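Below is input.tsv, which holds TSV, C-alpha atoms and all ligand atoms.
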```
chain	number	residue	atom	x	y	z
R	1	TYR	CA	-16.72	-21.63	60.68
R	2	LEU	CA	-15.77	-18.94	63.17
R	3	GLY	CA	-18.13	-18.79	66.08
R	4	LEU	CA	-19.67	-22.19	65.43
R	5	HIS	CA	-18.76	-23.36	68.87
R	6	ASP	CA	-18.89	-20.01	70.59
R	7	GLU	CA	-19.38	-20.52	74.30
R	8	GLY	CA	-21.70	-18.45	76.40
R	9	PRO	CA	-23.12	-14.99	75.85
R	10	PRO	CA	-21.15	-12.65	73.57
R	11	MET	CA	-20.82	-9.92	76.20
R	12	ARG	CA	-18.56	-11.29	78.89
R	13	THR	CA	-16.54	-9.32	81.37
R	14	PRO	CA	-13.03	-9.31	79.92
R	15	ALA	CA	-10.54	-11.30	81.97
R	16	PRO	CA	-7.67	-9.26	83.35
R	17	THR	CA	-4.88	-8.86	80.82
R	18	VAL	CA	-2.16	-11.45	81.19
R	19	ALA	CA	1.30	-9.98	81.62
R	20	ILE	CA	4.07	-11.83	79.79
R	21	SER	CA	7.25	-11.91	81.88
R	22	SER	CA	10.76	-12.47	80.46
R	23	GLY	CA	9.50	-11.45	77.03
R	24	ASP	CA	13.08	-11.34	75.71
R	25	ARG	CA	13.68	-15.02	76.44
R	26	VAL	CA	14.54	-16.83	73.22
R	27	ILE	CA	12.16	-19.77	72.68
R	28	PHE	CA	13.21	-20.63	69.10
R	29	ASP	CA	16.50	-19.42	67.75
R	30	LYS	CA	15.91	-20.10	64.03
R	31	PRO	CA	13.78	-18.31	63.06
R	32	ARG	CA	14.27	-16.25	66.20
R	33	LEU	CA	11.12	-16.19	68.27
R	34	THR	CA	11.13	-14.77	71.79
R	35	LYS	CA	8.50	-15.42	74.43
R	36	ALA	CA	7.01	-11.99	73.64
R	37	GLY	CA	7.00	-12.89	69.94
R	38	LEU	CA	5.28	-16.19	70.67
R	39	ALA	CA	2.67	-14.36	72.75
R	40	GLU	CA	2.15	-11.94	69.88
R	41	TYR	CA	1.61	-14.86	67.50
R	42	TYR	CA	-0.91	-16.49	69.84
R	43	ARG	CA	-2.73	-13.20	70.43
R	44	ALA	CA	-3.22	-12.89	66.67
R	45	ALA	CA	-3.97	-16.61	66.19
R	46	ALA	CA	-6.51	-16.80	69.04
R	47	PRO	CA	-9.57	-16.01	66.87
R	48	LEU	CA	-8.48	-18.79	64.50
R	49	MET	CA	-7.84	-21.24	67.33
R	50	LEU	CA	-10.75	-20.68	69.66
R	51	PRO	CA	-13.53	-22.26	67.59
R	52	GLU	CA	-11.72	-25.60	67.96
R	53	LEU	CA	-9.90	-24.99	71.26
R	54	ALA	CA	-12.49	-23.35	73.50
R	55	GLY	CA	-13.92	-25.43	76.32
R	56	ARG	CA	-11.75	-28.50	75.72
R	57	PRO	CA	-9.58	-29.96	78.45
R	58	LEU	CA	-5.99	-29.26	77.47
R	59	SER	CA	-2.62	-30.86	77.73
R	60	LEU	CA	0.06	-28.19	77.51
R	61	LEU	CA	3.56	-28.83	76.24
R	62	ARG	CA	5.68	-26.41	78.24
R	63	LEU	CA	9.22	-25.33	77.43
R	64	PRO	CA	9.87	-22.64	80.03
R	65	ASP	CA	13.44	-22.13	78.83
R	66	GLY	CA	12.67	-22.54	75.14
R	67	MET	CA	13.90	-25.18	72.74
R	68	ALA	CA	17.27	-25.33	74.47
R	69	GLY	CA	15.78	-26.33	77.82
R	70	GLU	CA	13.55	-28.98	79.31
R	71	ARG	CA	10.08	-29.80	77.99
R	72	PHE	CA	7.15	-31.50	79.67
R	73	PHE	CA	3.47	-32.19	79.07
R	74	GLN	CA	1.23	-30.78	81.76
R	75	LYS	CA	-2.31	-32.09	82.02
R	76	HIS	CA	-3.11	-30.84	85.47
R	77	PRO	CA	-2.63	-27.14	86.17
R	78	GLY	CA	-0.32	-26.40	89.06
R	79	LYS	CA	0.49	-23.57	91.39
R	80	GLY	CA	1.10	-20.19	89.80
R	81	PHE	CA	-1.17	-20.71	86.80
R	82	PRO	CA	-2.86	-17.41	85.89
R	83	ALA	CA	-6.60	-17.20	86.59
R	84	ALA	CA	-7.21	-16.61	82.87
R	85	LEU	CA	-6.52	-20.33	82.43
R	86	LYS	CA	-9.73	-21.85	83.71
R	87	ILE	CA	-9.90	-25.03	85.72
R	88	GLN	CA	-12.41	-27.85	85.79
R	89	GLN	CA	-12.50	-30.96	87.97
R	90	ILE	CA	-12.82	-34.11	85.87
R	91	ALA	CA	-13.15	-37.62	87.21
R	92	ASP	CA	-10.52	-39.99	85.88
R	93	LYS	CA	-11.36	-43.54	84.79
R	94	ASP	CA	-11.27	-44.80	88.37
R	95	GLY	CA	-13.48	-41.93	89.50
R	96	THR	CA	-10.81	-39.82	91.18
R	97	PRO	CA	-11.32	-36.15	90.34
R	98	SER	CA	-8.38	-34.08	89.14
R	99	SER	CA	-8.14	-30.62	87.71
R	100	TYR	CA	-7.77	-29.84	84.04
R	101	ALA	CA	-7.12	-26.53	82.34
R	102	TYR	CA	-9.27	-25.12	79.59
R	103	VAL	CA	-9.54	-21.77	77.87
R	104	THR	CA	-12.43	-19.78	76.49
R	105	ASP	CA	-10.66	-16.67	75.29
R	106	VAL	CA	-7.42	-15.07	74.16
R	107	GLU	CA	-6.42	-14.31	77.75
R	108	GLY	CA	-6.54	-18.00	78.59
R	109	ILE	CA	-4.26	-18.78	75.67
R	110	LEU	CA	-1.85	-16.04	76.76
R	111	GLY	CA	-2.00	-17.30	80.33
R	112	ALA	CA	-0.70	-20.63	79.06
R	113	VAL	CA	2.03	-18.89	77.05
R	114	GLN	CA	3.06	-17.00	80.18
R	115	MET	CA	3.61	-20.43	81.80
R	116	GLY	CA	5.96	-21.43	78.99
R	117	THR	CA	3.44	-23.29	76.84
R	118	VAL	CA	4.46	-23.77	73.22
R	119	GLU	CA	1.99	-26.50	72.16
R	120	PHE	CA	-1.75	-26.72	72.87
R	121	HIS	CA	-3.11	-30.30	72.80
R	122	ILE	CA	-6.86	-30.81	72.90
R	123	TRP	CA	-9.32	-33.46	74.02
R	124	GLY	CA	-11.87	-34.73	71.53
R	125	ALA	CA	-14.75	-33.55	73.73
R	126	ARG	CA	-15.75	-30.30	75.39
R	127	ARG	CA	-16.22	-29.66	79.07
R	128	ASP	CA	-20.00	-29.36	78.88
R	129	ARG	CA	-20.29	-32.92	77.52
R	130	LEU	CA	-17.14	-34.82	78.26
R	131	ASP	CA	-18.70	-38.19	77.48
R	132	ARG	CA	-19.69	-37.21	73.94
R	133	PRO	CA	-16.79	-36.48	71.57
R	134	ASP	CA	-17.40	-33.85	68.90
R	135	ARG	CA	-14.42	-34.82	66.75
R	136	MET	CA	-12.86	-38.03	65.51
R	137	VAL	CA	-9.24	-37.74	64.48
R	138	PHE	CA	-7.02	-40.02	62.44
R	139	ASP	CA	-3.40	-39.16	63.06
R	140	LEU	CA	-1.34	-40.44	60.14
R	141	ASP	CA	2.12	-41.35	61.41
R	142	PRO	CA	4.60	-42.25	58.65
R	143	ASP	CA	7.47	-44.56	59.53
R	144	GLU	CA	10.93	-43.01	59.46
R	145	GLY	CA	12.13	-42.62	55.92
R	146	LEU	CA	8.70	-42.35	54.35
R	147	GLY	CA	8.38	-39.04	52.55
R	148	PHE	CA	5.57	-36.57	52.72
R	149	ALA	CA	4.27	-37.60	49.28
R	150	ALA	CA	3.32	-40.99	50.73
R	151	THR	CA	1.72	-39.35	53.76
R	152	ARG	CA	-0.40	-36.92	51.79
R	153	ARG	CA	-1.51	-39.70	49.42
R	154	ALA	CA	-2.52	-41.69	52.49
R	155	ALA	CA	-4.55	-38.77	53.80
R	156	LEU	CA	-6.40	-38.48	50.50
R	157	GLU	CA	-7.11	-42.21	50.49
R	158	LEU	CA	-8.39	-42.04	54.05
R	159	ARG	CA	-10.64	-39.14	53.04
R	160	ASP	CA	-12.03	-41.28	50.21
R	161	GLY	CA	-12.51	-44.25	52.53
R	162	LEU	CA	-14.46	-42.11	54.99
R	163	SER	CA	-16.45	-40.60	52.20
R	164	GLY	CA	-17.35	-44.14	51.07
R	165	LEU	CA	-18.88	-44.57	54.52
R	166	GLY	CA	-20.79	-41.33	54.12
R	167	LEU	CA	-18.48	-39.17	56.26
R	168	ARG	CA	-16.85	-35.90	55.29
R	169	SER	CA	-13.54	-34.82	56.79
R	170	TRP	CA	-10.95	-32.06	56.79
R	171	ALA	CA	-7.18	-32.16	56.92
R	172	MET	CA	-4.52	-30.52	59.04
R	173	LEU	CA	-0.76	-30.64	58.68
R	174	SER	CA	0.52	-31.65	62.12
R	175	GLY	CA	3.49	-29.33	61.82
R	176	GLY	CA	5.64	-32.41	62.55
R	177	LYS	CA	5.77	-35.41	60.23
R	178	GLY	CA	2.17	-36.31	59.48
R	179	VAL	CA	-1.33	-35.21	58.62
R	180	HIS	CA	-4.42	-35.37	60.82
R	181	VAL	CA	-7.75	-36.22	59.17
R	182	ILE	CA	-10.64	-34.97	61.26
R	183	VAL	CA	-14.36	-35.78	61.20
R	184	PRO	CA	-16.52	-33.28	63.12
R	185	LEU	CA	-19.15	-35.20	65.08
R	186	ARG	CA	-22.57	-34.40	66.45
R	187	ARG	CA	-22.46	-35.27	70.10
R	188	THR	CA	-24.61	-38.37	69.94
R	189	ALA	CA	-22.19	-41.30	70.30
R	190	GLY	CA	-20.06	-41.99	73.36
R	191	TRP	CA	-16.33	-42.71	73.49
R	192	ASP	CA	-16.74	-46.49	73.15
R	193	THR	CA	-18.55	-46.12	69.84
R	194	VAL	CA	-16.19	-43.50	68.45
R	195	LYS	CA	-13.11	-45.45	69.50
R	196	LEU	CA	-14.40	-48.70	68.03
R	197	PHE	CA	-15.49	-46.96	64.87
R	198	SER	CA	-12.14	-45.24	64.35
R	199	ARG	CA	-10.32	-48.51	64.96
R	200	GLY	CA	-12.53	-50.12	62.32
R	201	VAL	CA	-11.69	-47.36	59.84
R	202	ALA	CA	-7.96	-47.81	60.53
R	203	MET	CA	-8.32	-51.59	60.05
R	204	LEU	CA	-10.26	-51.11	56.85
R	205	THR	CA	-7.55	-48.84	55.46
R	206	ALA	CA	-4.84	-51.33	56.41
R	207	GLN	CA	-6.88	-54.17	54.88
R	208	ALA	CA	-7.17	-52.32	51.57
R	209	HIS	CA	-3.43	-51.53	51.37
R	210	PRO	CA	-1.54	-53.80	53.78
R	211	ASP	CA	1.77	-52.86	52.18
R	212	ARG	CA	1.33	-49.19	53.00
R	213	PHE	CA	-0.84	-48.90	56.11
R	214	THR	CA	-1.07	-50.44	59.54
R	215	ALA	CA	-3.64	-49.99	62.31
R	216	GLU	CA	-1.18	-51.32	64.89
R	217	MET	CA	1.14	-49.21	66.93
R	218	SER	CA	3.97	-51.73	67.22
R	219	LYS	CA	7.23	-50.52	65.68
R	220	ALA	CA	7.65	-53.78	63.75
R	221	LYS	CA	4.23	-53.48	62.08
R	222	ARG	CA	4.95	-49.89	61.18
R	223	LYS	CA	8.10	-50.64	59.21
R	224	GLY	CA	7.91	-48.78	55.89
R	225	ARG	CA	4.22	-48.09	56.54
R	226	ILE	CA	1.93	-45.36	57.75
R	227	PHE	CA	0.34	-45.98	61.12
R	228	VAL	CA	-3.28	-44.82	61.12
R	229	ASP	CA	-3.24	-43.74	64.76
R	230	TRP	CA	-6.85	-44.08	65.89
R	231	LEU	CA	-5.88	-44.06	69.58
R	232	ARG	CA	-6.41	-40.31	69.77
R	233	ASN	CA	-10.14	-41.18	70.00
R	234	GLU	CA	-10.18	-42.07	73.64
R	235	ARG	CA	-11.42	-40.23	76.68
R	236	GLY	CA	-8.44	-38.26	77.93
R	237	ALA	CA	-6.35	-38.67	74.76
R	238	THR	CA	-5.31	-35.53	72.93
R	239	ALA	CA	-4.27	-34.28	69.52
R	240	ILE	CA	-2.49	-31.09	68.59
R	241	GLY	CA	-4.88	-28.14	68.21
R	242	PRO	CA	-5.16	-26.10	65.00
R	243	PHE	CA	-2.72	-23.18	64.81
R	244	SER	CA	-0.61	-24.48	67.67
R	245	VAL	CA	3.08	-23.81	67.16
R	246	ARG	CA	5.11	-27.03	67.36
R	247	ALA	CA	8.18	-27.26	69.56
R	248	ARG	CA	10.24	-28.51	66.64
R	249	PRO	CA	13.04	-26.86	64.70
R	250	GLY	CA	11.81	-23.90	62.67
R	251	ALA	CA	8.67	-23.28	64.80
R	252	PRO	CA	6.25	-24.88	62.31
R	253	VAL	CA	2.50	-24.50	62.89
R	254	ALA	CA	-0.24	-27.16	62.87
R	255	CYS	CA	-2.15	-25.80	59.92
R	256	PRO	CA	-5.53	-26.66	58.42
R	257	VAL	CA	-5.35	-27.15	54.65
R	258	SER	CA	-7.91	-27.73	51.95
R	259	TRP	CA	-7.97	-31.14	50.27
R	260	ASP	CA	-7.08	-29.46	46.99
R	261	GLU	CA	-3.95	-27.80	48.24
R	262	LEU	CA	-2.80	-30.82	50.27
R	263	GLY	CA	-1.76	-32.44	46.99
R	264	ARG	CA	0.70	-29.60	46.40
R	265	ILE	CA	2.23	-29.39	49.88
R	266	ARG	CA	5.74	-30.74	50.40
R	267	LYS	CA	6.03	-31.21	54.15
R	268	ALA	CA	3.93	-31.37	57.29
R	269	GLY	CA	5.87	-28.43	58.73
R	270	ALA	CA	5.30	-26.30	55.65
R	271	PHE	CA	3.94	-23.21	57.40
R	272	SER	CA	5.63	-20.69	59.69
R	273	THR	CA	3.80	-18.57	62.25
R	274	ALA	CA	3.62	-15.64	59.80
R	275	GLN	CA	2.31	-17.86	57.01
R	276	ALA	CA	-0.23	-19.49	59.33
R	277	LEU	CA	-1.65	-16.10	60.31
R	278	GLU	CA	-1.80	-14.99	56.71
R	279	ARG	CA	-3.57	-18.21	55.67
R	280	GLY	CA	-5.97	-18.59	58.51
R	281	TRP	CA	-8.50	-21.31	57.75
R	282	ALA	CA	-8.03	-20.33	54.09
R	283	ASP	CA	-10.45	-22.52	52.17
R	284	THR	CA	-10.15	-25.49	54.53
R	285	ASP	CA	-13.87	-25.30	55.17
R	286	PRO	CA	-14.45	-28.09	57.71
R	287	PRO	CA	-17.67	-30.00	56.98
R	288	PRO	CA	-20.59	-29.78	59.41
R	289	ALA	CA	-20.82	-32.11	62.40
R	290	GLN	CA	-21.99	-35.58	61.42
R	291	THR	CA	-23.55	-38.57	63.13
R	292	LEU	CA	-22.13	-42.06	63.45
R	293	SER	CA	-25.58	-43.34	62.62
R	294	ALA	CA	-26.65	-46.98	62.50
R	295	ALA	CA	-26.36	-46.77	58.69
R	296	VAL	CA	-22.79	-45.45	58.83
R	297	ILE	CA	-21.78	-48.11	61.35
R	298	ALA	CA	-23.43	-50.80	59.22
R	299	ALA	CA	-21.51	-49.54	56.17
R	300	LEU	CA	-18.23	-49.93	58.06
R	301	ASP	CA	-19.17	-53.40	59.31
R	302	ALA	CA	-20.09	-54.48	55.79
R	303	ALA	CA	-16.83	-53.13	54.34
R	304	LEU	CA	-14.77	-54.86	57.03
R	305	THR	CA	-16.30	-58.26	56.43
R	306	ALA	CA	-16.41	-57.92	52.64
J	1	LIG	P1	3.64	-35.97	63.97
J	1	LIG	O1	2.98	-35.53	62.71
J	1	LIG	O2	5.10	-35.69	63.94
J	1	LIG	O3	3.29	-37.38	64.32
J	1	LIG	P2	1.84	-35.40	66.10
J	1	LIG	O4	1.41	-34.20	66.83
J	1	LIG	O5	0.78	-36.10	65.34
J	1	LIG	O6	3.05	-35.01	65.13
J	1	LIG	P3	2.20	-37.87	67.59
J	1	LIG	O7	3.41	-38.42	68.26
J	1	LIG	O8	1.63	-38.66	66.47
J	1	LIG	O9	2.55	-36.37	67.15
J	1	LIG	O10	1.13	-37.71	68.71
J	1	LIG	C1	-0.22	-37.46	68.41
J	1	LIG	C2	-0.85	-36.73	69.56
J	1	LIG	O11	-0.87	-37.56	70.72
J	1	LIG	C3	-0.05	-35.50	69.98
J	1	LIG	O12	-0.42	-34.36	69.20
J	1	LIG	C4	-0.39	-35.37	71.44
J	1	LIG	O13	-1.58	-34.64	71.62
J	1	LIG	C5	-0.60	-36.81	71.88
J	1	LIG	N1	0.62	-37.30	72.53
J	1	LIG	C6	1.61	-38.00	71.96
J	1	LIG	N2	2.59	-38.30	72.84
J	1	LIG	C7	2.20	-37.75	74.03
J	1	LIG	C8	2.77	-37.73	75.33
J	1	LIG	N3	3.93	-38.27	75.63
J	1	LIG	N4	2.07	-37.10	76.30
J	1	LIG	C9	0.89	-36.53	76.03
J	1	LIG	N5	0.30	-36.53	74.83
J	1	LIG	C10	0.94	-37.13	73.83
J	2	MN	MN	1.12	-37.98	64.46
J	3	MN	MN	0.42	-40.65	66.70
```

Written as structure tokens, how would this file's structure read?
Amino acid sequence: YLGLHDEGPPMRTPAPTVAISSGDRVIFDKPRLTKAGLAEYYRAAAPLMLPELAGRPLSLLRLPDGMAGERFFQKHPGKGFPAALKIQQIADKDGTPSSYAYVTDVEGILGAVQMGTVEFHIWGARRDRLDRPDRMVFDLDPDEGLGFAATRRAALELRDGLSGLGLRSWAMLSGGKGVHVIVPLRRTAGWDTVKLFSRGVAMLTAQAHPDRFTAEMSKAKRKGRIFVDWLRNERGATAIGPFSVRARPGAPVACPVSWDELGRIRKAGAFSTAQALERGWADTDPPPAQTLSAAVIAALDAALTA
């Protein structure tokens, strides 16, 4: 899997090393993780992250003073961002260009950490073809009170549903409450198709088990159910990137898992930074990029009207 999406020639001039200031600042207190410790984690995790992260517009969740301080999402890089964090102008829906950050290497990741980034959120498309997503993500969001057993069962059912349509997927613990089910895509379909398709899959799942799933975001519809959040599949929407630390108690990591082991996992925040590094992609083995072909779309249509 490593190197699948490698960008550009292998021999690039190394970017200048990013200096991490205030390395002693405590970002998480239990387990204790300082800014320098977080940078060390991300330096080691970079080779695991970059195949999925590189070249995607990012939304950064920054906590400059750690878990005890303020937090904010930053989509548009501001003054003082290190040059290692690269910038691209992207036209918004109304055509107005604004700048987005992306990274291609470990220095870019560390540049974001230097700015207080804890979480790396990624677009579903890469900068060289922003109109053609290369991943479709289903973000399973359990209602309060639903345990992880229900969530992981839901992920397995979604996998089977996708597989019934001819699509293979892989799973990632979000590090928060849920599981993300991801379908790597060949860059043939545009956002409209991918969004409509993912909405159809969410509706199909909710149709099959209306007591347990909903495709609607409304709090009322979600009561006691799992929301199959298909709204990540929109131009400009993001999902948490693999191996990102989550700004939640305990510093859990968004970790890819194999379908086999998912059945044995007890919570979405099961893995610490040390465990994530030790695991790596383990035997997650994401399937190759697939096409939302006319046949696949017809299979979904048929299932929805059945
Ligand atoms: P959990 O498993 O606890 O749901 P999650 O990362 O899936 O964790 P969600 O609230 O379901 O969290 O959000 C899904 C994704 O949508 C996030 O990973 C993030 O990329 C994006 N997102 C959600 N809320 C915001 C927000 N306020 N600003 C920017 N992006 C957001
Ligand atoms: Mn979620
Ligand atoms: Mn969600």

**Prompt:** Which residues sit within 6 Å of ligand MN 2 (chain J), counting all atoms listed in the file, listed as number ranges by chain?
**Reply:** R: 139-141, 178

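Residue nearest Leu196 of chain R, chosen from R:His209, R:Arg232, R:Lys30, R:Lys79 and counting all atoms listed in the file: R:Arg232.
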
**Distance filter 6 Å around ligand LIG 1 (chain J), atoms: all atoms listed in the file, out as a PyMOL selection string** = chain R and resi 73+121+139+141+174+176-179+238-240

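Between atom CA of Trp281 of chain R and atom CA of Leu53 of chain R the separation is 14.1 Å.
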
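The coordinates place atom CA of Phe72 of chain R at 10.4 Å from atom CA of Glu119 of chain R.
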
**Request:** May I ask which of the residues R:Val194, R:Ile109, R:Ala125, R:Ala276 is the closest one to Gly175 of chain R, counting all atoms listed in the file?
**Result:**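 For Gly175 of chain R, the nearest of the given residues is R:Ala276.
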
Considering all atoms listed in the file, return as a PDB file with C-alpha atoms, in the coordinates of the input whatever protein or nucleic-acid residues lie within 10 Å of Tyr41 of chain R, sequence-local ones (same chain, fewer than 2 positions apart) excluded.
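Okay, this is what ended up in result22.pdb:
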```pdb
ATOM      1  CA  LEU R  33      11.120 -16.190  68.270  1.00  0.00           C
ATOM      2  CA  LYS R  35       8.500 -15.420  74.430  1.00  0.00           C
ATOM      3  CA  ALA R  36       7.010 -11.990  73.640  1.00  0.00           C
ATOM      4  CA  GLY R  37       7.000 -12.890  69.940  1.00  0.00           C
ATOM      5  CA  LEU R  38       5.280 -16.190  70.670  1.00  0.00           C
ATOM      6  CA  ALA R  39       2.670 -14.360  72.750  1.00  0.00           C
ATOM      7  CA  ARG R  43      -2.730 -13.200  70.430  1.00  0.00           C
ATOM      8  CA  ALA R  44      -3.220 -12.890  66.670  1.00  0.00           C
ATOM      9  CA  ALA R  45      -3.970 -16.610  66.190  1.00  0.00           C
ATOM     10  CA  ALA R  46      -6.510 -16.800  69.040  1.00  0.00           C
ATOM     11  CA  LEU R 110      -1.850 -16.040  76.760  1.00  0.00           C
ATOM     12  CA  PHE R 243      -2.720 -23.180  64.810  1.00  0.00           C
ATOM     13  CA  SER R 244      -0.610 -24.480  67.670  1.00  0.00           C
ATOM     14  CA  VAL R 245       3.080 -23.810  67.160  1.00  0.00           C
ATOM     15  CA  THR R 273       3.800 -18.570  62.250  1.00  0.00           C
ATOM     16  CA  ALA R 274       3.620 -15.640  59.800  1.00  0.00           C
ATOM     17  CA  ALA R 276      -0.230 -19.490  59.330  1.00  0.00           C
ATOM     18  CA  LEU R 277      -1.650 -16.100  60.310  1.00  0.00           C
TER      19      LEU R 277
END
```

**Å distance separating atom CA of Val18 of chain R from atom CA of Arg129 of chain R, one decimal place** =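 Distance reported for this atom pair: 28.3 Å.
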
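When all atoms listed in the file are used to measure the gap to Tyr100 of chain R, the shortest distance among R:Arg71, R:Ala298, R:Ser59, R:Leu185 belongs to R:Ser59.
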
Please provide as an mmCIF file with C-alpha atoms, in the coordinates of the input all residues within 12 Å of Asp301 of chain R, with the sequence filter that same-chain residues fewer than 2 positions apart are discarded (counting only C-alpha atoms).
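Writing done, so here's result10.cif:
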```
data_model
loop_
_atom_site.group_PDB
_atom_site.id
_atom_site.type_symbol
_atom_site.label_atom_id
_atom_site.label_comp_id
_atom_site.auth_asym_id
_atom_site.auth_seq_id
_atom_site.Cartn_x
_atom_site.Cartn_y
_atom_site.Cartn_z
ATOM 1 C CA LEU R 165 -18.880 -44.570 54.520
ATOM 2 C CA LEU R 196 -14.400 -48.700 68.030
ATOM 3 C CA PHE R 197 -15.490 -46.960 64.870
ATOM 4 C CA SER R 198 -12.140 -45.240 64.350
ATOM 5 C CA ARG R 199 -10.320 -48.510 64.960
ATOM 6 C CA GLY R 200 -12.530 -50.120 62.320
ATOM 7 C CA VAL R 201 -11.690 -47.360 59.840
ATOM 8 C CA MET R 203 -8.320 -51.590 60.050
ATOM 9 C CA LEU R 204 -10.260 -51.110 56.850
ATOM 10 C CA ALA R 294 -26.650 -46.980 62.500
ATOM 11 C CA ALA R 295 -26.360 -46.770 58.690
ATOM 12 C CA VAL R 296 -22.790 -45.450 58.830
ATOM 13 C CA ILE R 297 -21.780 -48.110 61.350
ATOM 14 C CA ALA R 298 -23.430 -50.800 59.220
ATOM 15 C CA ALA R 299 -21.510 -49.540 56.170
ATOM 16 C CA ALA R 303 -16.830 -53.130 54.340
ATOM 17 C CA LEU R 304 -14.770 -54.860 57.030
ATOM 18 C CA THR R 305 -16.300 -58.260 56.430
ATOM 19 C CA ALA R 306 -16.410 -57.920 52.640
#
```

**Request:** Determine the nearest neighbour of Val181 of chain R from the options R:Val106, R:Cys255, R:Ile90, R:Ala270, counting only C-alpha atoms.
**Result:**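 Nearest to Val181 of chain R: R:Cys255.
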
**Asked** With only C-alpha atoms and all ligand atoms as the basis for distance, which of R:Ile27, R:Ala251, R:Val137, R:Ala150 is at the shortest distance from ligand MN 3 (chain J)?
**Response** R:Val137

**Asked** Of the candidates R:Gly124, R:Gly116, R:Gly78, R:Pro210, which one gets nearest to Met136 of chain R if we count only C-alpha atoms?
**Response**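 Of R:Gly124, R:Gly116, R:Gly78, R:Pro210, the one nearest Met136 of chain R, counting only C-alpha atoms, is R:Gly124.
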
Given 6 Å of margin on each side, can you work out the centre and size in Å (one decimal) of an axis-aligned box holding every listed atom of segment 96-99 of chain R, as AutoDock Vina command-line options?
```
--center_x -9.7 --center_y -35.2 --center_z 89.4 --size_x 15.2 --size_y 21.2 --size_z 15.5
```

**Request:** Could you give me, as a PyMOL selection string, the residues that have an atom at most 10 Å away from the point (-10.6, -27.8, 84.0) in the coordinates of the file, using all atoms listed in the file?
**Result:** chain R and resi 55-58+75-77+85-90+98-103+127

**Message:** Report as number ranges by chain all protein, DNA and RNA residues lying within 10 Å of Gly280 of chain R, evaluated on all atoms listed in the file, omitting residues in the same chain fewer than 5 positions from it.
**Reply:** R: 45, 47-49, 242-243, 255-257, 275

Can I get the selected residues back with C-alpha atoms, as a PDB file, in the coordinates of the input?
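In the end it all went to part_38.pdb:
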```
ATOM      1  CA  ALA R  45      -3.970 -16.610  66.190  1.00  0.00           C
ATOM      2  CA  PRO R  47      -9.570 -16.010  66.870  1.00  0.00           C
ATOM      3  CA  LEU R  48      -8.480 -18.790  64.500  1.00  0.00           C
ATOM      4  CA  MET R  49      -7.840 -21.240  67.330  1.00  0.00           C
ATOM      5  CA  PRO R 242      -5.160 -26.100  65.000  1.00  0.00           C
ATOM      6  CA  PHE R 243      -2.720 -23.180  64.810  1.00  0.00           C
ATOM      7  CA  CYS R 255      -2.150 -25.800  59.920  1.00  0.00           C
ATOM      8  CA  PRO R 256      -5.530 -26.660  58.420  1.00  0.00           C
ATOM      9  CA  VAL R 257      -5.350 -27.150  54.650  1.00  0.00           C
ATOM     10  CA  GLN R 275       2.310 -17.860  57.010  1.00  0.00           C
TER      11      GLN R 275
END
```

**Asked** Do you know which residues are at most 7 Å from Lys195 of chain R counting only C-alpha atoms, after dropping those on the same chain fewer than 4 positions away, and could you put them as a PyMOL selection string?
**Response** chain R and resi 191+199+233-234

Reconstruct N, CA and C atoms of segment 230-240 of chain R from the incomplete input and present them as a PDB file, in the coordinates of the input.
```pdb
ATOM      1  N   TRP R 230      -5.450 -44.321  65.516  1.00  0.00           N
ATOM      2  CA  TRP R 230      -6.850 -44.080  65.890  1.00  0.00           C
ATOM      3  C   TRP R 230      -6.969 -43.918  67.408  1.00  0.00           C
ATOM      4  N   LEU R 231      -5.844 -44.088  68.107  1.00  0.00           N
ATOM      5  CA  LEU R 231      -5.880 -44.060  69.580  1.00  0.00           C
ATOM      6  C   LEU R 231      -6.053 -42.667  70.173  1.00  0.00           C
ATOM      7  N   ARG R 232      -6.101 -41.667  69.291  1.00  0.00           N
ATOM      8  CA  ARG R 232      -6.410 -40.310  69.770  1.00  0.00           C
ATOM      9  C   ARG R 232      -7.884 -40.233  70.199  1.00  0.00           C
ATOM     10  N   ASN R 233      -8.690 -41.239  69.763  1.00  0.00           N
ATOM     11  CA  ASN R 233     -10.140 -41.180  70.000  1.00  0.00           C
ATOM     12  C   ASN R 233     -10.528 -41.928  71.265  1.00  0.00           C
ATOM     13  N   GLU R 234      -9.933 -41.468  72.343  1.00  0.00           N
ATOM     14  CA  GLU R 234     -10.180 -42.070  73.640  1.00  0.00           C
ATOM     15  C   GLU R 234     -10.414 -40.958  74.637  1.00  0.00           C
ATOM     16  N   ARG R 235     -11.239 -41.232  75.625  1.00  0.00           N
ATOM     17  CA  ARG R 235     -11.420 -40.230  76.680  1.00  0.00           C
ATOM     18  C   ARG R 235     -10.063 -39.925  77.295  1.00  0.00           C
ATOM     19  N   GLY R 236      -9.703 -38.657  77.329  1.00  0.00           N
ATOM     20  CA  GLY R 236      -8.440 -38.260  77.930  1.00  0.00           C
ATOM     21  C   GLY R 236      -7.270 -38.186  76.960  1.00  0.00           C
ATOM     22  N   ALA R 237      -7.421 -38.772  75.760  1.00  0.00           N
ATOM     23  CA  ALA R 237      -6.350 -38.670  74.760  1.00  0.00           C
ATOM     24  C   ALA R 237      -6.438 -37.293  74.098  1.00  0.00           C
ATOM     25  N   THR R 238      -5.331 -36.855  73.541  1.00  0.00           N
ATOM     26  CA  THR R 238      -5.310 -35.530  72.930  1.00  0.00           C
ATOM     27  C   THR R 238      -4.708 -35.586  71.525  1.00  0.00           C
ATOM     28  N   ALA R 239      -4.937 -34.515  70.810  1.00  0.00           N
ATOM     29  CA  ALA R 239      -4.270 -34.280  69.520  1.00  0.00           C
ATOM     30  C   ALA R 239      -3.898 -32.803  69.480  1.00  0.00           C
ATOM     31  N   ILE R 240      -2.928 -32.487  68.671  1.00  0.00           N
ATOM     32  CA  ILE R 240      -2.490 -31.090  68.590  1.00  0.00           C
ATOM     33  C   ILE R 240      -3.615 -30.217  68.046  1.00  0.00           C
TER      34      ILE R 240
END
```
